[in-house]
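Listing of target32.txt, compact mmCIF, C-alpha atoms
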# COMPACT_ATOMS: atom_id res chain seq x y z
CA MET A 1 18.90 -49.36 -48.83
CA LEU A 2 16.30 -46.74 -49.50
CA LYS A 3 14.97 -47.12 -53.01
CA ASN A 4 14.65 -43.49 -54.07
CA ASN A 5 14.36 -39.87 -53.01
CA LYS A 6 10.58 -40.13 -52.73
CA GLU A 7 10.92 -42.78 -50.05
CA VAL A 8 13.42 -40.60 -48.16
CA PHE A 9 11.04 -37.68 -48.33
CA GLU A 10 8.09 -39.73 -47.06
CA ILE A 11 10.07 -41.05 -44.11
CA LEU A 12 11.28 -37.57 -43.15
CA TYR A 13 7.81 -36.16 -43.71
CA GLU A 14 6.32 -38.56 -41.18
CA ALA A 15 9.24 -38.60 -38.74
CA ILE A 16 9.43 -34.87 -38.07
CA SER A 17 7.77 -33.86 -34.80
CA GLU A 18 6.46 -30.51 -36.08
CA GLY A 19 3.25 -30.32 -38.04
CA ILE A 20 3.59 -30.13 -41.83
CA LEU A 21 0.71 -29.41 -44.15
CA ILE A 22 0.51 -28.53 -47.82
CA VAL A 23 -2.24 -26.39 -49.37
CA ASP A 24 -3.01 -25.36 -52.89
CA GLU A 25 -4.01 -22.01 -54.33
CA ASN A 26 -7.62 -22.54 -53.21
CA GLN A 27 -6.48 -22.90 -49.59
CA THR A 28 -7.39 -26.57 -49.65
CA ILE A 29 -5.34 -29.01 -47.58
CA ILE A 30 -3.89 -31.66 -49.86
CA ALA A 31 -1.46 -33.37 -47.49
CA VAL A 32 -0.52 -33.43 -43.80
CA ASN A 33 1.89 -35.49 -41.74
CA SER A 34 0.84 -37.52 -38.70
CA SER A 35 2.25 -34.88 -36.33
CA THR A 36 -0.23 -32.35 -37.73
CA GLU A 37 -3.12 -34.78 -37.21
CA ASP A 38 -2.02 -35.48 -33.64
CA MET A 39 -1.50 -31.78 -32.93
CA PHE A 40 -4.96 -30.81 -34.13
CA GLY A 41 -6.79 -33.93 -32.90
CA TYR A 42 -7.78 -35.51 -36.22
CA GLU A 43 -7.78 -39.11 -37.41
CA ARG A 44 -5.55 -40.37 -40.23
CA GLY A 45 -6.56 -38.81 -43.56
CA GLU A 46 -9.40 -36.77 -42.00
CA LEU A 47 -7.88 -33.40 -42.95
CA ASN A 48 -7.29 -34.20 -46.59
CA SER A 49 -9.31 -31.92 -48.94
CA LYS A 50 -10.51 -29.80 -46.00
CA PRO A 51 -10.27 -25.98 -46.28
CA LEU A 52 -7.33 -24.42 -44.45
CA GLU A 53 -9.76 -22.41 -42.30
CA THR A 54 -10.60 -25.70 -40.56
CA LEU A 55 -7.42 -25.20 -38.53
CA ILE A 56 -7.93 -21.48 -37.93
CA PRO A 57 -10.03 -20.03 -35.03
CA THR A 58 -13.36 -18.60 -36.22
CA ASN A 59 -12.55 -15.05 -35.13
CA TYR A 60 -9.60 -15.01 -37.58
CA HIS A 61 -11.58 -16.25 -40.62
CA LYS A 62 -12.66 -12.82 -41.85
CA GLY A 63 -9.23 -11.50 -42.81
CA HIS A 64 -7.44 -14.78 -43.42
CA GLY A 65 -8.41 -15.23 -47.09
CA HIS A 66 -7.07 -11.83 -48.06
CA HIS A 67 -3.79 -12.39 -46.23
CA PHE A 68 -3.30 -15.82 -47.82
CA ASN A 69 -3.96 -14.55 -51.34
CA SER A 70 -1.50 -11.69 -50.85
CA PHE A 71 1.13 -14.13 -49.59
CA TYR A 72 0.44 -16.60 -52.42
CA LYS A 73 0.79 -13.87 -55.03
CA HIS A 74 4.16 -12.61 -53.80
CA SER A 75 5.61 -16.10 -53.19
CA GLU A 76 7.91 -15.24 -50.31
CA LYS A 77 8.94 -17.22 -47.26
CA ARG A 78 7.33 -15.97 -44.06
CA SER A 79 7.36 -16.72 -40.34
CA MET A 80 4.41 -15.88 -38.12
CA GLY A 81 3.69 -16.07 -34.41
CA LYS A 82 7.10 -15.03 -33.06
CA GLY A 83 6.02 -11.50 -32.31
CA LYS A 84 2.26 -11.06 -32.51
CA ALA A 85 0.36 -13.98 -30.95
CA LEU A 86 -0.95 -16.53 -33.46
CA PHE A 87 -3.47 -19.24 -32.59
CA ALA A 88 -4.68 -22.44 -34.24
CA ALA A 89 -7.92 -24.41 -33.70
CA ARG A 90 -8.17 -28.09 -32.77
CA LYS A 91 -10.99 -30.37 -33.86
CA ASP A 92 -12.67 -30.00 -30.44
CA GLY A 93 -12.78 -26.21 -30.87
CA SER A 94 -10.02 -25.40 -28.39
CA THR A 95 -7.24 -23.08 -29.48
CA PHE A 96 -3.51 -23.05 -28.83
CA PRO A 97 -0.58 -20.75 -29.67
CA VAL A 98 1.59 -21.63 -32.64
CA GLU A 99 4.47 -20.45 -34.74
CA VAL A 100 4.09 -21.02 -38.46
CA GLY A 101 6.68 -20.98 -41.22
CA LEU A 102 5.28 -20.61 -44.77
CA ASN A 103 7.24 -21.83 -47.80
CA PRO A 104 5.85 -21.58 -51.35
CA PHE A 105 7.07 -24.12 -53.94
CA ASN A 106 6.21 -25.18 -57.47
CA VAL A 107 5.46 -28.61 -58.90
CA SER A 108 4.77 -28.90 -62.65
CA ASP A 109 4.17 -25.15 -62.90
CA LYS A 110 1.63 -25.27 -60.12
CA LYS A 111 2.28 -23.38 -56.90
CA TYR A 112 1.72 -24.86 -53.42
CA VAL A 113 2.40 -23.65 -49.93
CA MET A 114 3.98 -25.80 -47.24
CA ALA A 115 3.36 -24.75 -43.65
CA LEU A 116 5.55 -25.85 -40.75
CA VAL A 117 3.46 -25.58 -37.55
CA ILE A 118 4.99 -25.59 -34.05
CA ASP A 119 2.85 -25.84 -30.92
CA ILE A 120 4.37 -23.27 -28.54
CA THR A 121 1.96 -23.79 -25.62
CA GLU A 122 4.66 -24.85 -23.17
CA ARG A 123 6.99 -22.09 -24.31
CA LYS A 124 4.22 -19.49 -24.00
CA ASN A 125 3.22 -20.80 -20.55
CA TYR A 126 6.84 -20.58 -19.45
CA THR A 127 7.17 -17.09 -20.95
CA ASP A 128 3.93 -15.95 -19.32
CA LYS A 129 5.08 -17.40 -16.00
CA LEU A 130 8.44 -15.69 -16.38
CA GLU A 131 6.79 -12.39 -17.28
CA ASN A 132 4.44 -12.70 -14.29
CA THR A 133 7.42 -13.44 -12.08
CA VAL A 134 9.26 -10.42 -13.45
CA ASP A 135 6.14 -8.26 -12.96
CA GLU A 136 5.78 -9.52 -9.38
CA ARG A 137 9.46 -8.92 -8.61
CA THR A 138 9.20 -5.48 -10.20
CA LYS A 139 6.14 -4.72 -8.08
CA GLN A 140 7.91 -5.91 -4.93
CA LEU A 141 10.97 -3.85 -5.79
CA ARG A 142 8.83 -0.80 -6.48
CA GLU A 143 7.03 -1.25 -3.15
CA ALA A 144 10.35 -1.73 -1.35
CA LEU A 145 11.73 1.42 -2.94
CA GLU A 146 8.56 3.32 -2.02
CA THR A 147 8.82 2.08 1.56
CA GLU A 148 12.47 3.08 1.68
CA LYS A 149 11.58 6.51 0.32
CA GLU A 150 8.86 6.91 2.97
CA LEU A 151 11.32 5.88 5.69
CA ASN A 152 13.91 8.37 4.43
CA ASP A 153 11.26 11.08 4.32
CA LEU A 154 10.25 10.22 7.89
CA LYS A 155 13.87 10.34 9.05
CA THR A 156 14.35 13.72 7.40
CA LYS A 157 11.17 15.07 8.98
CA PHE A 158 12.15 13.65 12.36
CA LEU A 159 15.58 15.31 12.33
CA SER A 160 13.98 18.56 11.26
CA LEU A 161 11.26 18.54 13.92
CA VAL A 162 13.62 17.45 16.74
CA SER A 163 15.96 20.28 15.81
CA HIS A 164 13.03 22.70 15.82
CA GLU A 165 11.45 21.34 19.01
CA PHE A 166 14.67 21.70 20.99
CA LYS A 167 15.93 24.89 19.38
CA THR A 168 12.76 26.93 19.94
CA PRO A 169 12.45 26.40 23.74
CA LEU A 170 16.21 26.66 24.24
CA THR A 171 16.16 30.01 22.46
CA GLY A 172 13.31 31.11 24.76
CA ILE A 173 15.25 29.99 27.84
CA LEU A 174 18.40 31.81 26.70
CA THR A 175 16.48 35.02 25.92
CA SER A 176 14.64 35.01 29.25
CA SER A 177 17.89 34.32 31.14
CA MET A 178 19.56 37.30 29.47
CA LEU A 179 16.59 39.57 30.20
CA LEU A 180 16.44 38.51 33.84
CA SER A 181 19.81 40.12 34.49
CA LYS A 182 18.41 43.47 33.40
CA TYR A 183 15.66 43.56 36.05
CA LYS A 184 17.52 44.18 39.33
CA LEU A 185 15.13 46.52 41.14
CA THR A 186 12.59 45.26 43.65
CA GLU A 187 9.70 46.88 41.80
CA GLN A 188 10.63 44.87 38.70
CA GLN A 189 9.78 41.55 40.33
CA ASP A 190 6.73 41.01 38.10
CA LYS A 191 8.98 41.18 35.02
CA ARG A 192 11.42 38.76 36.63
CA ASP A 193 8.53 36.41 37.43
CA LYS A 194 7.37 36.55 33.81
CA HIS A 195 10.73 35.36 32.50
CA ILE A 196 11.13 32.81 35.29
CA ASN A 197 7.75 31.34 34.28
CA THR A 198 8.87 31.27 30.66
CA ILE A 199 12.02 29.38 31.62
CA ASN A 200 10.03 26.96 33.78
CA SER A 201 7.50 26.23 31.02
CA LYS A 202 10.21 25.74 28.39
CA VAL A 203 12.17 23.42 30.66
CA GLN A 204 8.99 21.47 31.40
CA TYR A 205 8.29 21.18 27.68
CA LEU A 206 11.80 19.82 27.04
CA ASN A 207 11.39 17.45 29.97
CA ASN A 208 8.15 16.13 28.45
CA ILE A 209 9.92 15.50 25.13
CA LEU A 210 12.67 13.58 26.88
CA ASN A 211 10.03 11.57 28.78
CA ASP A 212 8.41 10.69 25.48
CA PHE A 213 11.72 9.37 24.14
CA LEU A 214 12.22 7.38 27.37
CA SER A 215 8.70 5.95 26.99
CA VAL A 216 9.58 4.80 23.49
CA GLU A 217 12.71 3.11 24.79
CA LYS A 218 10.77 1.34 27.55
CA LEU A 219 8.11 0.14 25.13
CA GLU A 220 10.73 -1.21 22.73
CA THR A 221 12.62 -3.08 25.43
CA GLY A 222 9.48 -4.35 27.18
CA LYS A 223 10.33 -2.60 30.45
CA VAL A 224 6.82 -1.22 31.00
CA ASN A 225 5.09 -2.47 34.13
CA TYR A 226 1.35 -1.86 34.18
CA LYS A 227 -0.47 -1.49 37.50
CA PHE A 228 -4.09 -2.63 37.35
CA VAL A 229 -6.41 -1.11 39.93
CA GLU A 230 -10.09 -0.26 40.10
CA PHE A 231 -10.79 3.46 39.73
CA ARG A 232 -13.64 5.80 38.91
CA LEU A 233 -13.41 7.11 35.40
CA SER A 234 -14.58 10.56 36.47
CA LYS A 235 -11.36 10.95 38.48
CA VAL A 236 -9.21 10.50 35.37
CA VAL A 237 -11.45 12.63 33.16
CA ASN A 238 -11.44 15.46 35.71
CA GLU A 239 -7.64 15.38 35.86
CA VAL A 240 -7.32 15.40 32.06
CA ILE A 241 -9.74 18.28 31.58
CA TYR A 242 -8.27 20.31 34.49
CA ASN A 243 -4.81 20.17 32.93
CA ALA A 244 -6.18 20.77 29.44
CA ASN A 245 -8.07 23.90 30.52
CA MET A 246 -4.74 25.65 31.07
CA LEU A 247 -3.90 25.08 27.38
CA LEU A 248 -7.14 26.36 25.86
CA LYS A 249 -6.95 29.10 23.25
CA GLU A 250 -9.17 32.17 23.24
CA GLY A 251 -12.82 31.09 23.12
CA GLN A 252 -12.08 27.36 23.18
CA LYS A 253 -14.00 25.11 25.55
CA ILE A 254 -14.19 21.43 26.45
CA LYS A 255 -17.57 19.72 26.64
CA TYR A 256 -17.60 17.37 29.62
CA PRO A 257 -19.00 13.86 29.02
CA ASP A 258 -22.44 13.01 30.40
CA ASN A 259 -23.26 10.35 32.96
CA ILE A 260 -19.82 9.05 33.89
CA ASP A 261 -20.03 9.31 37.68
CA ASP A 262 -20.90 5.62 38.08
CA ILE A 263 -18.39 4.27 35.53
CA SER A 264 -15.44 2.34 36.92
CA LEU A 265 -12.58 0.44 35.31
CA ILE A 266 -10.04 -2.13 36.40
CA GLN A 267 -7.15 -0.97 34.26
CA ASP A 268 -3.85 0.88 34.35
CA GLU A 269 -5.06 4.32 35.40
CA LYS A 270 -1.95 6.20 34.26
CA THR A 271 -2.15 4.74 30.74
CA ILE A 272 -5.79 5.76 30.32
CA GLU A 273 -4.95 9.27 31.53
CA LEU A 274 -1.90 9.46 29.21
CA ALA A 275 -3.91 8.42 26.14
CA LEU A 276 -6.83 10.77 26.87
CA SER A 277 -4.49 13.67 27.65
CA ASN A 278 -2.62 13.17 24.39
CA LEU A 279 -5.81 13.24 22.31
CA VAL A 280 -7.39 16.18 24.16
CA HIS A 281 -4.17 18.22 23.98
CA ASN A 282 -3.89 17.48 20.24
CA ALA A 283 -7.51 18.56 19.76
CA ILE A 284 -6.73 21.87 21.46
CA LYS A 285 -3.45 22.35 19.60
CA TYR A 286 -4.88 21.71 16.13
CA SER A 287 -8.21 23.52 16.59
CA PRO A 288 -8.73 27.25 16.10
CA GLU A 289 -10.03 29.72 18.66
CA ASN A 290 -13.72 29.76 19.59
CA THR A 291 -14.27 26.05 18.98
CA THR A 292 -15.46 23.19 21.17
CA ILE A 293 -13.62 19.97 21.95
CA GLU A 294 -16.13 17.29 22.90
CA LEU A 295 -15.40 14.23 25.01
CA LYS A 296 -17.95 11.41 24.86
CA VAL A 297 -17.88 8.25 26.96
CA LYS A 298 -20.00 5.12 26.83
CA GLN A 299 -19.66 1.74 28.52
CA ASP A 300 -21.19 -1.67 27.88
CA LYS A 301 -20.62 -4.90 29.80
CA ASN A 302 -17.24 -5.51 28.12
CA ASN A 303 -15.68 -2.24 26.97
CA THR A 304 -15.48 1.48 27.56
CA THR A 305 -15.33 3.75 24.52
CA PHE A 306 -14.07 7.33 24.36
CA ASP A 307 -14.67 9.74 21.46
CA ILE A 308 -12.60 12.94 21.31
CA ILE A 309 -14.16 15.23 18.72
CA ASP A 310 -12.66 18.49 17.48
CA GLN A 311 -13.32 21.09 14.79
CA GLY A 312 -9.69 21.50 13.86
CA ILE A 313 -7.47 21.33 10.81
CA GLY A 314 -8.05 17.60 10.27
CA ILE A 315 -5.61 15.13 8.76
CA PRO A 316 -4.86 15.16 5.00
CA GLU A 317 -5.99 11.92 3.35
CA ASN A 318 -2.50 11.11 2.06
CA ASP A 319 -1.09 11.34 5.60
CA GLN A 320 -3.73 9.26 7.36
CA LYS A 321 -2.03 5.91 6.77
CA ASN A 322 1.05 7.11 8.67
CA ILE A 323 -0.57 9.04 11.49
CA PHE A 324 0.28 6.43 14.16
CA ASN A 325 3.83 5.93 12.89
CA ARG A 326 6.50 7.09 15.29
CA TYR A 327 7.90 10.57 14.56
CA PHE A 328 5.40 11.15 11.74
CA ARG A 329 3.62 14.47 11.52
CA ALA A 330 1.04 15.46 8.93
CA GLU A 331 2.03 18.10 6.39
CA ASN A 332 -0.49 20.61 7.72
CA ALA A 333 0.82 20.23 11.31
CA LEU A 334 4.52 20.89 10.80
CA LEU A 335 4.33 24.48 12.03
CA ASN A 336 2.88 23.38 15.37
CA GLN A 337 5.04 22.14 18.22
CA GLY A 338 5.24 18.37 18.56
CA THR A 339 7.48 15.36 18.05
CA GLY A 340 5.11 12.90 16.41
CA ILE A 341 5.66 10.44 19.26
CA GLY A 342 2.52 10.86 21.38
CA LEU A 343 0.02 9.01 19.19
CA ASN A 344 2.44 6.14 18.64
CA ILE A 345 3.03 5.79 22.39
CA ALA A 346 -0.69 5.96 23.18
CA LYS A 347 -1.52 3.35 20.51
CA THR A 348 1.17 0.95 21.72
CA HIS A 349 0.10 1.25 25.37
CA LEU A 350 -3.58 0.78 24.53
CA GLU A 351 -2.89 -2.29 22.41
CA ASN A 352 -0.79 -3.73 25.23
CA LEU A 353 -3.88 -3.41 27.41
CA GLY A 354 -6.12 -5.09 24.85
CA GLY A 355 -7.56 -1.81 23.56
CA THR A 356 -7.68 -0.04 20.22
CA ILE A 357 -7.44 3.49 18.87
CA SER A 358 -8.83 4.69 15.55
CA PHE A 359 -9.93 7.92 13.91
CA LYS A 360 -12.03 9.57 11.24
CA SER A 361 -10.83 12.83 9.82
CA LYS A 362 -11.19 15.22 6.92
CA GLU A 363 -8.80 18.06 6.23
CA ASN A 364 -10.18 21.41 7.44
CA SER A 365 -13.25 19.66 8.91
CA GLY A 366 -11.95 18.23 12.18
CA SER A 367 -11.20 14.79 13.57
CA THR A 368 -12.78 12.19 15.82
CA PHE A 369 -10.42 9.85 17.67
CA THR A 370 -11.93 6.77 19.28
CA ILE A 371 -10.41 4.70 22.10
CA THR A 372 -11.92 1.36 23.09
CA ILE A 373 -10.55 -0.35 26.19
CA PRO A 374 -11.70 -3.48 28.10
CA ASN A 375 -13.47 -2.66 31.36
CA LYS A 376 -11.31 -5.18 33.11
CA ALA A 377 -7.67 -5.95 32.35
CA HIS A 378 -7.02 -9.56 31.36
Can you turn what I pasted into structure tokens?
Amino acid sequence: MLKNNKEVFEILYEAISEGILIVDENQTIIAVNSSTEDMFGYERGELNSKPLETLIPTNYHKGHGHHFNSFYKHSEKRSMGKGKALFAARKDGSTFPVEVGLNPFNVSDKKYVMALVIDITERKNYTDKLENTVDERTKQLREALETEKELNDLKTKFLSLVSHEFKTPLTGILTSSMLLSKYKLTEQQDKRDKHINTINSKVQYLNNILNDFLSVEKLETGKVNYKFVEFRLSKVVNEVIYNANMLLKEGQKIKYPDNIDDISLIQDEKTIELALSNLVHNAIKYSPENTTIELKVKQDKNNTTFDIIDQGIGIPENDQKNIFNRYFRAENALLNQGTGIGLNIAKTHLENLGGTISFKSKENSGSTFTITIPNKAH
């Protein structure tokens, strides 16, 4: 049998796992249980008669006295640390998060304050981990939604540009066909020829678009067969520039690369021609009249590098990350003909051959596209 209430109190006081300490009006510790000593790293009886600030981090000392006196004067129960972070200081100087419940009480007309201290380190670590997990999931969800939005935007742009790219030449073909029927006299042959040429060019343009789509399908299904032969680079460059000359605007010119007569490659000739043609044609398309498109070539013992430099409209910074994406077209290029397939096809082919394609560009200041390809296919 327990002898009296005091004995019951002492047993409970020591048995409770939370820290309990009692301070007087001078903020002096007059009693603590063993859980408090263990929590703060002190020996038995070491905290007795110590100031309360012993258990409070130094950076909180300045305002603590005022807050304690205010609490002591109003004698009200209070809980701290559940909302705003509250920290306590161990003997070794380390700090840890706590929740504290303050309870004033009177003994023989003298007021004391009992503090119930709970170490919430594990709870805070779990909460922080949970919050970090939530933040990470939120970030991933935000990125997924942004990616989905970009994909939807690309799909919308693709449908719009395909509609435009097919509708415009088909309208030209229909108009020229109707006008042809009006020119029946022999002396009107030149007018007939004009519309026949228009029809031929529009049909060829549509055929090129369909070939691009077929190229995409072949690349996706792995049905591309590369033919590696040795060829002089000047042959390919001459072919590219000859075809490009027919597309030049008023006052435009192409600067031929220097010293390429002795350069040879063992590669897929058609792929090199396709990639160069795409970049040169783009340079012409997106450059104004009276400008120069420059083609530079250099070769070392391992690679051949091509630079296609223009003075055109450039690529807006926000669009640059997507410029090689299939069907993507920069905002400032939407009024020009094109499907947004060519660069993607060229990049995929070049990478299949062990090459790379990159660019530097500034809106309204032109672009430089660079192709690097191994001299010899592996």
**Item:** Neighbour residues at most 8 Å from (4.0, -33.3, -36.9) (all atoms listed in the file) as a list of chain:residue names
**Value:** A:Glu14, A:Ala15, A:Ile16, A:Ser17, A:Glu18, A:Gly19, A:Ile20, A:Asn33, A:Ser34, A:Ser35, A:Thr36, A:Glu37, A:Asp38, A:Met39, A:Val117
**Request:** Show which residues sit within 9 Å of A:Asn302, as a count of residues only. Count only C-alpha atoms, and ignore same-chain residues fewer than 2 positions away.
**Result:** 7
**Prompt:** Quick one, how far is atom CA of A:Asn200 from atom CA of A:Val224?
**Reply:**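 Between these atoms lies a distance of 28.5 Å.
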**Request:** Find the residue from A:Val297, A:Val237, A:Ala88, A:Leu206 that sits nearest to A:Thr171; use only C-alpha atoms when measuring.
**Result:** A:Leu206
Can you tell me which residues surround stretch 177-186 of chain A at a distance of at most 12 Å, considering only C-alpha atoms, apart from same-chain residues fewer than 3 positions away, and format the answer as a PDB file with C-alpha atoms, in the frame of the given file?
ATOM      1  CA  LEU A 170      16.210  26.660  24.240  1.00  0.00           C
ATOM      2  CA  THR A 171      16.160  30.010  22.460  1.00  0.00           C
ATOM      3  CA  GLY A 172      13.310  31.110  24.760  1.00  0.00           C
ATOM      4  CA  ILE A 173      15.250  29.990  27.840  1.00  0.00           C
ATOM      5  CA  LEU A 174      18.400  31.810  26.700  1.00  0.00           C
ATOM      6  CA  GLN A 189       9.780  41.550  40.330  1.00  0.00           C
ATOM      7  CA  ASP A 190       6.730  41.010  38.100  1.00  0.00           C
ATOM      8  CA  LYS A 191       8.980  41.180  35.020  1.00  0.00           C
ATOM      9  CA  ARG A 192      11.420  38.760  36.630  1.00  0.00           C
ATOM     10  CA  ASP A 193       8.530  36.410  37.430  1.00  0.00           C
ATOM     11  CA  LYS A 194       7.370  36.550  33.810  1.00  0.00           C
ATOM     12  CA  HIS A 195      10.730  35.360  32.500  1.00  0.00           C
ATOM     13  CA  ILE A 196      11.130  32.810  35.290  1.00  0.00           C
ATOM     14  CA  ASN A 197       7.750  31.340  34.280  1.00  0.00           C
ATOM     15  CA  THR A 198       8.870  31.270  30.660  1.00  0.00           C
ATOM     16  CA  ILE A 199      12.020  29.380  31.620  1.00  0.00           C
ATOM     17  CA  ASN A 200      10.030  26.960  33.780  1.00  0.00           C
ATOM     18  CA  LYS A 202      10.210  25.740  28.390  1.00  0.00           C
TER      19      LYS A 202
END
Residues of stretch 193-267 of chain A within 10 Å of stretch 275-282 of chain A: nearest atom pair and distance (Å, one decimal) for each, counting only C-alpha atoms, sorted by chain and number, as CSV?
residue,atom,partner,partner_atom,distance
A:Val236,CA,A:Leu276,CA,8.8
A:Val237,CA,A:Leu276,CA,8.0
A:Glu239,CA,A:Ser277,CA,9.0
A:Val240,CA,A:Ser277,CA,5.5
A:Ile241,CA,A:Ser277,CA,8.0
A:Asn243,CA,A:Ser277,CA,8.4
A:Ala244,CA,A:His281,CA,6.4
A:Asn245,CA,A:His281,CA,9.5
A:Leu247,CA,A:His281,CA,7.7
A:Leu248,CA,A:His281,CA,8.9
A:Ile254,CA,A:Val280,CA,8.9
**Asked** If you measure from atom CA of A:Arg123 to atom CA of A:Ser94, what distance in Å do you get, rounded to one decimal?
**Response** 17.8 Å
**Prompt:** In terms of the shortest atom-to-atom distance over all atoms listed in the file, which of A:Leu350, A:Val107, A:Glu76, A:Ile260 is closest to A:Leu274?
**Reply:**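 Nearest to A:Leu274: A:Leu350.
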**Item:** Interatomic distance, atom CA of A:Asn106 to atom CA of A:Glu46 (Å, one decimal)
**Value:**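 Distance reported for this atom pair: 24.8 Å.
The closest residue to A:Phe228, picked from A:Leu151, A:Leu353, A:Lys91, A:Arg137 and counting all atoms listed in the file, is A:Leu353.
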**Item:** Residue list as an MDAnalysis selection string for point (0.0, 14.3, 9.8), cut-off 8 Å, all atoms listed in the file
**Value:** chainID A and resid 315:316 319:320 322:323 328:333
**Prompt:** Nearest to A:His61: which of A:Glu131, A:Leu116, A:Lys301, A:Phe87 is it, counting only C-alpha atoms?
**Reply:**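 The answer is A:Phe87, which sits nearest to A:His61.
Proximity to A:Gly312 was assessed for A:Ser367, A:Asn225, A:Ser108, A:Asn103 counting only C-alpha atoms; the smallest distance is recorded for A:Ser367.
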